[in-house]
>>> print(open('upload_22.json').read())   # JSON, C-alpha atoms and all ligand atoms
[["chain", "number", "residue", "atom", "x", "y", "z"],
["A", 505, "MET", "CA", -18.82, 36.94, -14.67],
["A", 506, "LYS", "CA", -22.29, 35.45, -15.12],
["A", 507, "ILE", "CA", -22.74, 32.22, -13.16],
["A", 508, "ALA", "CA", -25.35, 29.43, -13.36],
["A", 509, "LEU", "CA", -25.69, 27.56, -10.06],
["A", 510, "ILE", "CA", -26.81, 23.95, -10.40],
["A", 511, "GLY", "CA", -27.85, 22.80, -6.91],
["A", 512, "TYR", "CA", -29.00, 25.38, -4.41],
["A", 513, "GLY", "CA", -28.34, 23.56, -1.15],
["A", 514, "LYS", "CA", -25.69, 24.22, 1.51],
["A", 515, "MET", "CA", -22.88, 24.60, -1.05],
["A", 516, "GLY", "CA", -24.95, 26.38, -3.73],
["A", 517, "LYS", "CA", -26.01, 29.05, -1.22],
["A", 518, "THR", "CA", -22.47, 29.54, 0.15],
["A", 519, "ILE", "CA", -21.11, 29.80, -3.42],
["A", 520, "GLU", "CA", -23.76, 32.40, -4.27],
["A", 521, "SER", "CA", -22.72, 34.56, -1.34],
["A", 522, "ILE", "CA", -18.97, 34.32, -2.17],
["A", 523, "ALA", "CA", -19.63, 34.92, -5.90],
["A", 524, "LEU", "CA", -21.64, 38.08, -5.14],
["A", 525, "GLN", "CA", -18.90, 39.31, -2.77],
["A", 526, "ARG", "CA", -16.39, 38.86, -5.62],
["A", 527, "GLY", "CA", -18.52, 40.98, -7.97],
["A", 528, "HIS", "CA", -20.11, 38.19, -10.01],
["A", 529, "GLU", "CA", -23.75, 37.81, -11.02],
["A", 530, "VAL", "CA", -25.85, 34.66, -10.53],
["A", 531, "VAL", "CA", -28.08, 34.47, -13.61],
["A", 532, "LEU", "CA", -29.58, 31.00, -13.07],
["A", 533, "LYS", "CA", -30.28, 28.93, -9.94],
["A", 534, "ILE", "CA", -31.41, 25.34, -10.47],
["A", 535, "ASP", "CA", -32.65, 22.93, -7.81],
["A", 536, "VAL", "CA", -35.06, 19.97, -7.81],
["A", 537, "ALA", "CA", -38.19, 22.17, -7.87],
["A", 538, "ASN", "CA", -37.20, 23.99, -11.09],
["A", 539, "ALA", "CA", -34.98, 21.32, -12.72],
["A", 540, "ALA", "CA", -36.98, 21.75, -15.97],
["A", 541, "ASP", "CA", -35.48, 25.25, -16.32],
["A", 542, "MET", "CA", -32.06, 23.70, -16.91],
["A", 543, "THR", "CA", -32.29, 24.10, -20.68],
["A", 544, "ALA", "CA", -29.39, 24.78, -23.07],
["A", 545, "GLU", "CA", -30.91, 28.19, -23.77],
["A", 546, "ASN", "CA", -30.96, 29.16, -20.08],
["A", 547, "LEU", "CA", -27.51, 27.71, -19.39],
["A", 548, "GLN", "CA", -26.03, 29.67, -22.30],
["A", 549, "LYS", "CA", -26.96, 32.96, -20.56],
["A", 550, "ALA", "CA", -24.07, 32.23, -18.14],
["A", 551, "ASP", "CA", -20.30, 32.33, -18.72],
["A", 552, "VAL", "CA", -19.81, 29.31, -16.48],
["A", 553, "ALA", "CA", -21.91, 26.80, -14.49],
["A", 554, "ILE", "CA", -21.08, 25.52, -10.99],
["A", 555, "GLU", "CA", -22.65, 22.17, -10.05],
["A", 556, "PHE", "CA", -22.98, 20.94, -6.44],
["A", 557, "THR", "CA", -25.94, 18.52, -6.18],
["A", 558, "SER", "CA", -25.65, 14.84, -5.24],
["A", 559, "PRO", "CA", -23.95, 11.59, -6.29],
["A", 560, "HIS", "CA", -27.15, 10.52, -8.14],
["A", 561, "SER", "CA", -27.80, 13.69, -10.13],
["A", 562, "ALA", "CA", -24.26, 14.91, -10.88],
["A", 563, "TYR", "CA", -23.65, 12.91, -14.07],
["A", 564, "GLY", "CA", -26.91, 13.98, -15.75],
["A", 565, "ASN", "CA", -26.33, 17.62, -14.85],
["A", 566, "VAL", "CA", -22.71, 17.56, -15.99],
["A", 567, "MET", "CA", -23.69, 16.08, -19.36],
["A", 568, "LYS", "CA", -26.43, 18.72, -19.85],
["A", 569, "CYS", "CA", -23.92, 21.52, -19.25],
["A", 570, "LEU", "CA", -21.31, 19.99, -21.57],
["A", 571, "GLN", "CA", -23.96, 19.40, -24.27],
["A", 572, "ALA", "CA", -24.98, 23.06, -23.95],
["A", 573, "GLY", "CA", -21.30, 24.00, -24.46],
["A", 574, "ILE", "CA", -21.06, 25.83, -21.14],
["A", 575, "PRO", "CA", -17.82, 25.68, -19.10],
["A", 576, "LEU", "CA", -18.50, 23.66, -15.96],
["A", 577, "VAL", "CA", -17.06, 23.50, -12.45],
["A", 578, "CYS", "CA", -18.31, 20.37, -10.68],
["A", 579, "GLY", "CA", -17.99, 19.65, -6.96],
["A", 580, "SER", "CA", -20.53, 16.83, -6.49],
["A", 581, "THR", "CA", -18.80, 13.75, -5.10],
["A", 582, "GLY", "CA", -19.60, 10.03, -5.20],
["A", 583, "TRP", "CA", -19.97, 9.57, -9.00],
["A", 584, "LEU", "CA", -16.35, 8.81, -10.02],
["A", 585, "ASP", "CA", -17.41, 5.70, -12.00],
["A", 586, "LYS", "CA", -18.75, 8.04, -14.74],
["A", 587, "MET", "CA", -15.84, 10.50, -14.72],
["A", 588, "GLU", "CA", -13.89, 8.97, -17.62],
["A", 589, "GLU", "CA", -17.00, 9.03, -19.83],
["A", 590, "VAL", "CA", -17.51, 12.72, -19.05],
["A", 591, "LYS", "CA", -13.86, 13.58, -19.76],
["A", 592, "GLN", "CA", -14.01, 11.70, -23.06],
["A", 593, "TYR", "CA", -17.16, 13.59, -24.12],
["A", 594, "CYS", "CA", -15.54, 16.87, -23.08],
["A", 595, "ARG", "CA", -12.39, 16.16, -25.11],
["A", 596, "GLN", "CA", -14.38, 15.09, -28.19],
["A", 597, "HIS", "CA", -16.52, 18.24, -28.12],
["A", 598, "ASN", "CA", -13.82, 20.76, -27.11],
["A", 599, "GLY", "CA", -15.63, 21.40, -23.86],
["A", 600, "SER", "CA", -14.43, 22.98, -20.66],
["A", 601, "PHE", "CA", -14.57, 21.01, -17.39],
["A", 602, "LEU", "CA", -13.04, 21.23, -13.94],
["A", 603, "TYR", "CA", -13.76, 18.69, -11.20],
["A", 604, "ALA", "CA", -12.32, 18.68, -7.69],
["A", 605, "SER", "CA", -13.18, 16.32, -4.85],
["A", 606, "ASN", "CA", -12.29, 19.29, -2.65],
["A", 607, "PHE", "CA", -12.01, 22.94, -3.72],
["A", 608, "SER", "CA", -10.45, 24.40, -0.59],
["A", 609, "VAL", "CA", -6.98, 25.94, -0.90],
["A", 610, "GLY", "CA", -5.99, 24.30, 2.41],
["A", 611, "VAL", "CA", -7.00, 20.82, 1.27],
["A", 612, "ASN", "CA", -5.19, 21.20, -2.03],
["A", 613, "ILE", "CA", -2.02, 22.11, -0.10],
["A", 614, "PHE", "CA", -2.77, 19.15, 2.19],
["A", 615, "PHE", "CA", -2.91, 16.92, -0.93],
["A", 616, "GLU", "CA", 0.66, 17.97, -1.81],
["A", 617, "ILE", "CA", 1.86, 17.25, 1.77],
["A", 618, "ASN", "CA", 0.09, 13.87, 1.62],
["A", 619, "LYS", "CA", 1.91, 12.95, -1.60],
["A", 620, "ARG", "CA", 5.31, 13.97, -0.19],
["A", 621, "LEU", "CA", 4.73, 12.13, 3.10],
["A", 622, "ALA", "CA", 3.72, 8.99, 1.18],
["A", 623, "GLU", "CA", 6.95, 9.16, -0.86],
["A", 624, "LEU", "CA", 9.00, 9.48, 2.36],
["A", 625, "MET", "CA", 7.14, 6.58, 4.03],
["A", 626, "ASN", "CA", 7.33, 4.17, 1.09],
["A", 627, "PRO", "CA", 10.66, 2.57, 2.10],
["A", 628, "HIS", "CA", 9.65, 2.30, 5.79],
["A", 629, "ALA", "CA", 7.63, -0.90, 5.95],
["A", 630, "GLY", "CA", 7.41, -0.75, 9.76],
["A", 631, "TYR", "CA", 4.70, 1.91, 9.40],
["A", 632, "ASP", "CA", 1.13, 1.00, 8.58],
["A", 633, "VAL", "CA", -0.99, 3.75, 7.00],
["A", 634, "ARG", "CA", -4.70, 4.34, 7.57],
["A", 635, "MET", "CA", -7.16, 7.20, 7.10],
["A", 636, "GLU", "CA", -10.17, 8.67, 8.86],
["A", 637, "GLU", "CA", -12.73, 11.17, 7.57],
["A", 638, "ILE", "CA", -15.50, 12.90, 9.55],
["A", 639, "HIS", "CA", -18.50, 14.67, 7.95],
["A", 640, "HIS", "CA", -22.00, 15.83, 8.91],
["A", 641, "THR", "CA", -24.79, 13.23, 8.93],
["A", 642, "GLN", "CA", -26.49, 14.50, 5.73],
["A", 643, "LYS", "CA", -23.53, 13.49, 3.59],
["A", 644, "LEU", "CA", -24.71, 10.82, 1.13],
["A", 645, "ASP", "CA", -21.42, 9.19, 0.04],
["A", 646, "ALA", "CA", -18.80, 7.35, 2.12],
["A", 647, "PRO", "CA", -15.87, 7.45, 2.08],
["A", 648, "SER", "CA", -15.76, 11.13, 1.09],
["A", 649, "GLY", "CA", -14.48, 12.16, -2.34],
["A", 650, "THR", "CA", -11.56, 13.87, -0.59],
["A", 651, "ALA", "CA", -10.69, 10.66, 1.28],
["A", 652, "VAL", "CA", -10.71, 8.76, -2.02],
["A", 653, "THR", "CA", -8.33, 11.34, -3.55],
["A", 654, "LEU", "CA", -6.01, 11.10, -0.50],
["A", 655, "ALA", "CA", -6.13, 7.28, -0.68],
["A", 656, "GLU", "CA", -5.29, 7.23, -4.39],
["A", 657, "GLN", "CA", -2.34, 9.56, -3.75],
["A", 658, "VAL", "CA", -1.03, 7.15, -1.07],
["A", 659, "LEU", "CA", -1.61, 4.07, -3.25],
["A", 660, "GLU", "CA", 0.40, 5.60, -6.10],
["A", 661, "ARG", "CA", 3.39, 6.00, -3.76],
["A", 662, "VAL", "CA", 3.30, 3.39, -0.96],
["A", 663, "GLU", "CA", 3.97, 0.14, -2.79],
["A", 664, "ARG", "CA", 2.98, -2.18, 0.09],
["A", 665, "LYS", "CA", -0.65, -1.00, -0.21],
["A", 666, "LYS", "CA", -2.55, -2.57, -3.11],
["A", 667, "GLY", "CA", -5.96, -0.91, -2.73],
["A", 668, "TRP", "CA", -8.23, 0.94, -0.31],
["A", 669, "THR", "CA", -11.19, -0.39, 1.65],
["A", 670, "TYR", "CA", -13.76, 0.90, 4.12],
["A", 671, "HIS", "CA", -14.99, -2.56, 5.13],
["A", 672, "GLU", "CA", -14.49, -3.26, 8.85],
["A", 673, "ASP", "CA", -13.71, -6.93, 8.25],
["A", 674, "ALA", "CA", -10.78, -5.98, 5.98],
["A", 675, "LYS", "CA", -9.37, -3.61, 8.60],
["A", 676, "ASN", "CA", -6.42, -5.85, 9.49],
["A", 677, "ASP", "CA", -5.39, -6.78, 5.94],
["A", 678, "PRO", "CA", -1.88, -5.21, 5.71],
["A", 679, "SER", "CA", -2.07, -4.97, 1.90],
["A", 680, "LEU", "CA", -5.08, -2.60, 2.06],
["A", 681, "LEU", "CA", -5.37, 1.03, 3.10],
["A", 682, "HIS", "CA", -8.26, 1.21, 5.54],
["A", 683, "ILE", "CA", -10.54, 4.30, 5.54],
["A", 684, "THR", "CA", -12.86, 4.91, 8.49],
["A", 685, "SER", "CA", -15.85, 7.21, 7.81],
["A", 686, "LYS", "CA", -17.60, 8.88, 10.76],
["A", 687, "ARG", "CA", -20.78, 10.96, 10.49],
["A", 688, "ILE", "CA", -20.99, 13.58, 13.25],
["A", 689, "ASP", "CA", -22.86, 16.93, 13.00],
["A", 690, "PRO", "CA", -22.01, 19.64, 12.13],
["A", 691, "ALA", "CA", -18.52, 18.65, 10.81],
["A", 692, "PRO", "CA", -17.97, 20.25, 7.35],
["A", 693, "GLY", "CA", -15.02, 17.90, 6.73],
["A", 694, "THR", "CA", -12.02, 16.48, 8.64],
["A", 695, "HIS", "CA", -9.42, 14.18, 7.09],
["A", 696, "THR", "CA", -6.54, 12.46, 8.88],
["A", 697, "VAL", "CA", -3.80, 10.30, 7.40],
["A", 698, "THR", "CA", -1.92, 8.26, 10.03],
["A", 699, "TYR", "CA", 1.31, 6.31, 9.73],
["A", 700, "SER", "CA", 2.01, 4.27, 12.85],
["A", 701, "SER", "CA", 4.71, 1.81, 13.88],
["A", 702, "ASP", "CA", 5.57, 0.16, 17.21],
["A", 703, "ILE", "CA", 7.88, 3.11, 17.85],
["A", 704, "ASP", "CA", 5.90, 6.21, 16.92],
["A", 705, "THR", "CA", 3.05, 7.79, 14.94],
["A", 706, "ILE", "CA", 3.06, 10.49, 12.27],
["A", 707, "GLU", "CA", -0.33, 12.04, 11.59],
["A", 708, "ILE", "CA", -1.48, 14.82, 9.27],
["A", 709, "THR", "CA", -4.95, 16.35, 9.63],
["A", 710, "HIS", "CA", -6.97, 18.92, 7.72],
["A", 711, "THR", "CA", -10.05, 20.30, 9.47],
["A", 712, "ALA", "CA", -12.52, 22.55, 7.62],
["A", 713, "HIS", "CA", -14.16, 25.02, 10.02],
["A", 714, "ASN", "CA", -16.97, 25.94, 7.58],
["A", 715, "ARG", "CA", -17.94, 25.70, 3.88],
["A", 716, "ASP", "CA", -16.40, 29.04, 2.84],
["A", 717, "GLY", "CA", -13.12, 27.43, 1.74],
["A", 718, "PHE", "CA", -14.89, 25.02, -0.65],
["A", 719, "ALA", "CA", -17.10, 27.81, -2.01],
["A", 720, "THR", "CA", -14.24, 30.28, -2.50],
["A", 721, "GLY", "CA", -12.23, 27.60, -4.31],
["A", 722, "ALA", "CA", -15.19, 26.79, -6.58],
["A", 723, "VAL", "CA", -15.57, 30.48, -7.52],
["A", 724, "LEU", "CA", -11.79, 30.79, -8.11],
["A", 725, "ALA", "CA", -12.07, 27.71, -10.35],
["A", 726, "ALA", "CA", -14.95, 29.32, -12.29],
["A", 727, "GLU", "CA", -12.92, 32.51, -12.76],
["A", 728, "PHE", "CA", -10.00, 30.39, -14.03],
["A", 729, "LEU", "CA", -12.20, 28.34, -16.39],
["A", 730, "LYS", "CA", -14.02, 31.21, -18.10],
["A", 731, "GLY", "CA", -12.92, 31.41, -21.74],
["A", 732, "LYS", "CA", -10.72, 28.28, -21.55],
["A", 733, "THR", "CA", -11.15, 24.93, -23.32],
["A", 734, "GLY", "CA", -9.97, 21.65, -21.77],
["A", 735, "ILE", "CA", -10.02, 19.59, -18.60],
["A", 736, "PHE", "CA", -8.49, 21.14, -15.51],
["A", 737, "SER", "CA", -8.00, 20.57, -11.78],
["A", 738, "MET", "CA", -7.38, 22.76, -8.72],
["A", 739, "LYS", "CA", -3.65, 22.13, -9.16],
["A", 740, "GLU", "CA", -3.72, 24.43, -12.22],
["A", 741, "VAL", "CA", -6.07, 26.97, -10.57],
["A", 742, "LEU", "CA", -3.78, 27.30, -7.55],
["A", 743, "GLY", "CA", -0.48, 26.85, -9.41],
["A", 744, "LEU", "CA", 0.59, 23.97, -7.12],
["B", 1, "LIG", "N1", -15.85, 19.33, -3.93],
["B", 1, "LIG", "C1", -15.98, 19.99, -2.77],
["B", 1, "LIG", "O1", -15.14, 20.82, -2.37],
["B", 1, "LIG", "C2", -17.22, 19.74, -1.95],
["B", 1, "LIG", "C3", -17.44, 20.42, -0.74],
["B", 1, "LIG", "C4", -18.66, 20.21, -0.07],
["B", 1, "LIG", "C5", -19.60, 19.34, -0.60],
["B", 1, "LIG", "N2", -19.34, 18.69, -1.76],
["B", 1, "LIG", "C6", -20.33, 17.83, -2.42],
["B", 1, "LIG", "O2", -21.26, 18.67, -3.06],
["B", 1, "LIG", "C7", -22.54, 18.04, -3.13],
["B", 1, "LIG", "C8", -23.59, 18.98, -2.51],
["B", 1, "LIG", "O3", -23.28, 19.24, -1.16],
["B", 1, "LIG", "P1", -24.24, 20.15, -0.25],
["B", 1, "LIG", "O4", -23.60, 20.12, 1.09],
["B", 1, "LIG", "O5", -24.52, 21.44, -0.91],
["B", 1, "LIG", "O6", -25.57, 19.25, -0.25],
["B", 1, "LIG", "P2", -27.07, 19.74, -0.06],
["B", 1, "LIG", "O7", -27.86, 18.49, 0.15],
["B", 1, "LIG", "O8", -27.15, 20.79, 1.00],
["B", 1, "LIG", "O9", -27.44, 20.41, -1.45],
["B", 1, "LIG", "C9", -27.62, 19.71, -2.65],
["B", 1, "LIG", "C10", -28.75, 20.39, -3.42],
["B", 1, "LIG", "O10", -28.83, 19.80, -4.70],
["B", 1, "LIG", "C11", -30.20, 19.68, -5.02],
["B", 1, "LIG", "N3", -30.39, 18.67, -6.06],
["B", 1, "LIG", "C12", -30.44, 17.32, -5.94],
["B", 1, "LIG", "N4", -30.66, 16.75, -7.14],
["B", 1, "LIG", "C13", -30.75, 17.75, -8.03],
["B", 1, "LIG", "C14", -30.95, 17.81, -9.43],
["B", 1, "LIG", "N5", -31.14, 16.68, -10.16],
["B", 1, "LIG", "N6", -30.96, 19.02, -10.04],
["B", 1, "LIG", "C15", -30.79, 20.15, -9.33],
["B", 1, "LIG", "N7", -30.60, 20.16, -8.00],
["B", 1, "LIG", "C16", -30.58, 18.99, -7.36],
["B", 1, "LIG", "C17", -30.86, 19.33, -3.69],
["B", 1, "LIG", "O11", -32.26, 19.59, -3.71],
["B", 1, "LIG", "C18", -30.10, 20.23, -2.73],
["B", 1, "LIG", "O12", -30.72, 21.51, -2.59],
["B", 1, "LIG", "C19", -22.35, 16.71, -2.39],
["B", 1, "LIG", "O13", -22.06, 15.70, -3.35],
["B", 1, "LIG", "C20", -21.14, 16.95, -1.50],
["B", 1, "LIG", "O14", -20.44, 15.76, -1.21],
["B", 1, "LIG", "C21", -18.18, 18.88, -2.44]]
>>> encode(input="upload_22.json", output="structure tokens", more="lines below")
Ligand SMILES: NC(=O)c1ccc[n+]([C@@H]2O[C@H](COP(=O)([O-])OP(=O)(O)OC[C@H]3O[C@@H](n4cnc5c(N)ncnc54)[C@H](O)[C@@H]3O)[C@@H](O)[C@H]2O)c1
Amino acid sequence: MKIALIGYGKMGKTIESIALQRGHEVVLKIDVANAADMTAENLQKADVAIEFTSPHSAYGNVMKCLQAGIPLVCGSTGWLDKMEEVKQYCRQHNGSFLYASNFSVGVNIFFEINKRLAELMNPHAGYDVRMEEIHHTQKLDAPSGTAVTLAEQVLERVERKKGWTYHEDAKNDPSLLHITSKRIDPAPGTHTVTYSSDIDTIEITHTAHNRDGFATGAVLAAEFLKGKTGIFSMKEVLGL
């Protein structure tokens, strides 16, 4: 498979190494210094593009790939406000798009455990639920995209929670799910969901040891997306 990498930072480099190990070819590498090379003509030399840049640049890059008609795997977080617009464009133009706030197999299994735990805890009002995420200090968005996904999964199932917040002064509002974000190097990503009552605590944690899980998942997603039309998630890639 021929891959275009948009963003050649920590994730872009790890994805390149995993893609090469899996027998793929990287035909285009775009970063800030050569952003002008991201033309439709260059993008169309690839079977699929993989985008990991930043919250500020993701939307523009995603739109360029969709306008060029190239299937796109996107992992940049912190730009969810534009997601619906992108999906609508993709549907209207028969494009091919896969976004995941977290590509690791382990986290996607963790998502399923989180949903099931939330269903079990819904009737038990004695338990309050909160979340914590820890990432390296270069991370630009807070809370993490993964934490937002986990929070939305809880909110869909635990009726006593009406929204999520990361504001310290809203910490004790029982109707809100509080997310604490910590920035500690070199953490690639730790997420904990805690239910606690006066009697006991139930806690689930996923800890990434390195970036290989995210990169492998992104390459698996690209392999899945090649030749397909539509909007997909890691649930379909992993058959969860
Ligand atoms: N979905 C996941 O599984 C997952 C996992 C890890 C990181 N992320 C997200 O991926 C993104 C990148 O993470 P990272 O750790 O590689 O960051 P990074 O800072 O190491 O790399 C980002 C790269 O993108 C480049 N870039 C910025 N703007 C650009 C533009 N307009 N065009 C081209 N390149 C541009 C930067 O110069 C940098 O080299 C972040 O949003 C992060 O939150 C997602």
>>> residues_near_point(input="upload_22.json", point="(-6.9, 22.5, -10.0)", cutoff="10 Å", atoms="all atoms listed in the file", output="short mmCIF file (atom, residue, chain, number, x, y, z; two decimals) with C-alpha atoms, keeping the file's coordinate frame")
data_model
loop_
_atom_site.label_atom_id
_atom_site.label_comp_id
_atom_site.auth_asym_id
_atom_site.auth_seq_id
_atom_site.Cartn_x
_atom_site.Cartn_y
_atom_site.Cartn_z
CA LEU A 602 -13.04 21.23 -13.94
CA TYR A 603 -13.76 18.69 -11.20
CA ALA A 604 -12.32 18.68 -7.69
CA ASN A 606 -12.29 19.29 -2.65
CA PHE A 607 -12.01 22.94 -3.72
CA VAL A 609 -6.98 25.94 -0.90
CA ASN A 612 -5.19 21.20 -2.03
CA GLY A 721 -12.23 27.60 -4.31
CA ALA A 722 -15.19 26.79 -6.58
CA LEU A 724 -11.79 30.79 -8.11
CA ALA A 725 -12.07 27.71 -10.35
CA PHE A 728 -10.00 30.39 -14.03
CA ILE A 735 -10.02 19.59 -18.60
CA PHE A 736 -8.49 21.14 -15.51
CA SER A 737 -8.00 20.57 -11.78
CA MET A 738 -7.38 22.76 -8.72
CA LYS A 739 -3.65 22.13 -9.16
CA GLU A 740 -3.72 24.43 -12.22
CA VAL A 741 -6.07 26.97 -10.57
CA LEU A 742 -3.78 27.30 -7.55
CA GLY A 743 -0.48 26.85 -9.41
CA LEU A 744 0.59 23.97 -7.12
#
>>> residues_around(input="upload_22.json", residues="A:Lys517", least_positions_apart="2", cutoff="12 Å", atoms="all atoms listed in the file", output="PyMOL selection string")
chain A and resi 509-515+519-524+530+533-535+554-557+715-716+718-720
>>> residues_near_point(input="upload_22.json", point="(-16.3, 14.3, -22.5)", cutoff="12 Å", atoms="all atoms listed in the file", output="PDB file with C-alpha atoms, in the frame of the given file")
ATOM      1  CA  TYR A 563     -23.650  12.910 -14.070  1.00  0.00           C
ATOM      2  CA  VAL A 566     -22.710  17.560 -15.990  1.00  0.00           C
ATOM      3  CA  MET A 567     -23.690  16.080 -19.360  1.00  0.00           C
ATOM      4  CA  LYS A 568     -26.430  18.720 -19.850  1.00  0.00           C
ATOM      5  CA  CYS A 569     -23.920  21.520 -19.250  1.00  0.00           C
ATOM      6  CA  LEU A 570     -21.310  19.990 -21.570  1.00  0.00           C
ATOM      7  CA  GLN A 571     -23.960  19.400 -24.270  1.00  0.00           C
ATOM      8  CA  GLY A 573     -21.300  24.000 -24.460  1.00  0.00           C
ATOM      9  CA  PRO A 575     -17.820  25.680 -19.100  1.00  0.00           C
ATOM     10  CA  LEU A 576     -18.500  23.660 -15.960  1.00  0.00           C
ATOM     11  CA  LYS A 586     -18.750   8.040 -14.740  1.00  0.00           C
ATOM     12  CA  MET A 587     -15.840  10.500 -14.720  1.00  0.00           C
ATOM     13  CA  GLU A 588     -13.890   8.970 -17.620  1.00  0.00           C
ATOM     14  CA  GLU A 589     -17.000   9.030 -19.830  1.00  0.00           C
ATOM     15  CA  VAL A 590     -17.510  12.720 -19.050  1.00  0.00           C
ATOM     16  CA  LYS A 591     -13.860  13.580 -19.760  1.00  0.00           C
ATOM     17  CA  GLN A 592     -14.010  11.700 -23.060  1.00  0.00           C
ATOM     18  CA  TYR A 593     -17.160  13.590 -24.120  1.00  0.00           C
ATOM     19  CA  CYS A 594     -15.540  16.870 -23.080  1.00  0.00           C
ATOM     20  CA  ARG A 595     -12.390  16.160 -25.110  1.00  0.00           C
ATOM     21  CA  GLN A 596     -14.380  15.090 -28.190  1.00  0.00           C
ATOM     22  CA  HIS A 597     -16.520  18.240 -28.120  1.00  0.00           C
ATOM     23  CA  ASN A 598     -13.820  20.760 -27.110  1.00  0.00           C
ATOM     24  CA  GLY A 599     -15.630  21.400 -23.860  1.00  0.00           C
ATOM     25  CA  SER A 600     -14.430  22.980 -20.660  1.00  0.00           C
ATOM     26  CA  PHE A 601     -14.570  21.010 -17.390  1.00  0.00           C
ATOM     27  CA  LEU A 602     -13.040  21.230 -13.940  1.00  0.00           C
ATOM     28  CA  THR A 733     -11.150  24.930 -23.320  1.00  0.00           C
ATOM     29  CA  GLY A 734      -9.970  21.650 -21.770  1.00  0.00           C
ATOM     30  CA  ILE A 735     -10.020  19.590 -18.600  1.00  0.00           C
TER      31      ILE A 735
END
>>> closest_residue(input="upload_22.json", among="A:Leu547, A:Ala622, A:Ala712, A:Val662", to="A:His695", atoms="all atoms listed in the file")
A:Ala712
>>> closest_residue(input="upload_22.json", among="A:Pro678, A:Gly610, A:Gly582, A:Pro690", to="A:Pro647", atoms="all atoms listed in the file")
A:Gly582
>>> closest_residue(input="upload_22.json", among="A:Gly717, A:Gly667, A:Gly564, A:Gly579", to="ligand LIG 1 (chain B)", atoms="only C-alpha atoms and all ligand atoms")
A:Gly579
>>> atom_distance(input="upload_22.json", atom1="atom CA of A:Met542", atom2="atom CA of A:Cys578")
15.5 Å
>>> residues_around(input="upload_22.json", residues="A:Arg664", least_positions_apart="5", cutoff="9 Å", atoms="only C-alpha atoms", output="ChimeraX atom specification")
/A:626,629,659,678-680
>>> write_last_selection(input="upload_22.json", atoms="C-alpha atoms", output="PDB file, keeping the file's coordinate frame")
ATOM      1  CA  ASN A 626       7.330   4.170   1.090  1.00  0.00           C
ATOM      2  CA  ALA A 629       7.630  -0.900   5.950  1.00  0.00           C
ATOM      3  CA  LEU A 659      -1.610   4.070  -3.250  1.00  0.00           C
ATOM      4  CA  PRO A 678      -1.880  -5.210   5.710  1.00  0.00           C
ATOM      5  CA  SER A 679      -2.070  -4.970   1.900  1.00  0.00           C
ATOM      6  CA  LEU A 680      -5.080  -2.600   2.060  1.00  0.00           C
TER       7      LEU A 680
END
>>> residues_around(input="upload_22.json", residues="A:Tyr670", least_positions_apart="2", cutoff="10 Å", atoms="only C-alpha atoms", output="PyMOL selection string")
chain A and resi 635-636+646-647+668+672-675+680-685
>>> closest_residue(input="upload_22.json", among="A:Thr543, A:Gln642, A:Thr653, A:Thr694", to="ligand LIG 1 (chain B)", atoms="all atoms listed in the file")
A:Gln642
>>> closest_residue(input="upload_22.json", among="A:Arg661, A:His710, A:Arg634, A:Lys506", to="A:Asp677", atoms="all atoms listed in the file")
A:Arg634
>>> closest_residue(input="upload_22.json", among="A:Ile574, A:Ile507, A:Ala550, A:Ala651", to="ligand LIG 1 (chain B)", atoms="all atoms listed in the file")
A:Ala651
>>> atom_distance(input="upload_22.json", atom1="atom P2 of ligand LIG 1 (chain B)", atom2="atom CA of A:Ala562")
12.2 Å
>>> atom_distance(input="upload_22.json", atom1="atom CA of A:Val723", atom2="atom CA of A:Val531")
14.5 Å
>>> residues_around(input="upload_22.json", residues="A:Met625", least_positions_apart="6", cutoff="12 Å", atoms="all atoms listed in the file", output="number ranges by chain")
A: 618-619, 631-633, 658-659, 661-665, 698-701, 705-707
>>> decode(input="upload_22.json", residues="stretch 538-550 of chain A", atoms="C-alpha atoms", output="PDB file, in the first residue's frame")
ATOM      1  CA  ASN A 538       7.016  21.451   3.002  1.00  0.00           C
ATOM      2  CA  ALA A 539       3.263  22.045   3.538  1.00  0.00           C
ATOM      3  CA  ALA A 540       3.068  23.515  -0.002  1.00  0.00           C
ATOM      4  CA  ASP A 541       3.772  20.026  -1.391  1.00  0.00           C
ATOM      5  CA  MET A 542       0.389  18.851  -0.115  1.00  0.00           C
ATOM      6  CA  THR A 543      -1.267  19.197  -3.513  1.00  0.00           C
ATOM      7  CA  ALA A 544      -4.071  17.010  -4.898  1.00  0.00           C
ATOM      8  CA  GLU A 545      -1.633  15.709  -7.499  1.00  0.00           C
ATOM      9  CA  ASN A 546       0.896  14.591  -4.864  1.00  0.00           C
ATOM     10  CA  LEU A 547      -1.767  13.169  -2.544  1.00  0.00           C
ATOM     11  CA  GLN A 548      -3.242  11.110  -5.394  1.00  0.00           C
ATOM     12  CA  LYS A 549       0.056   9.184  -5.707  1.00  0.00           C
ATOM     13  CA  ALA A 550      -0.933   7.415  -2.447  1.00  0.00           C
TER      14      ALA A 550
END
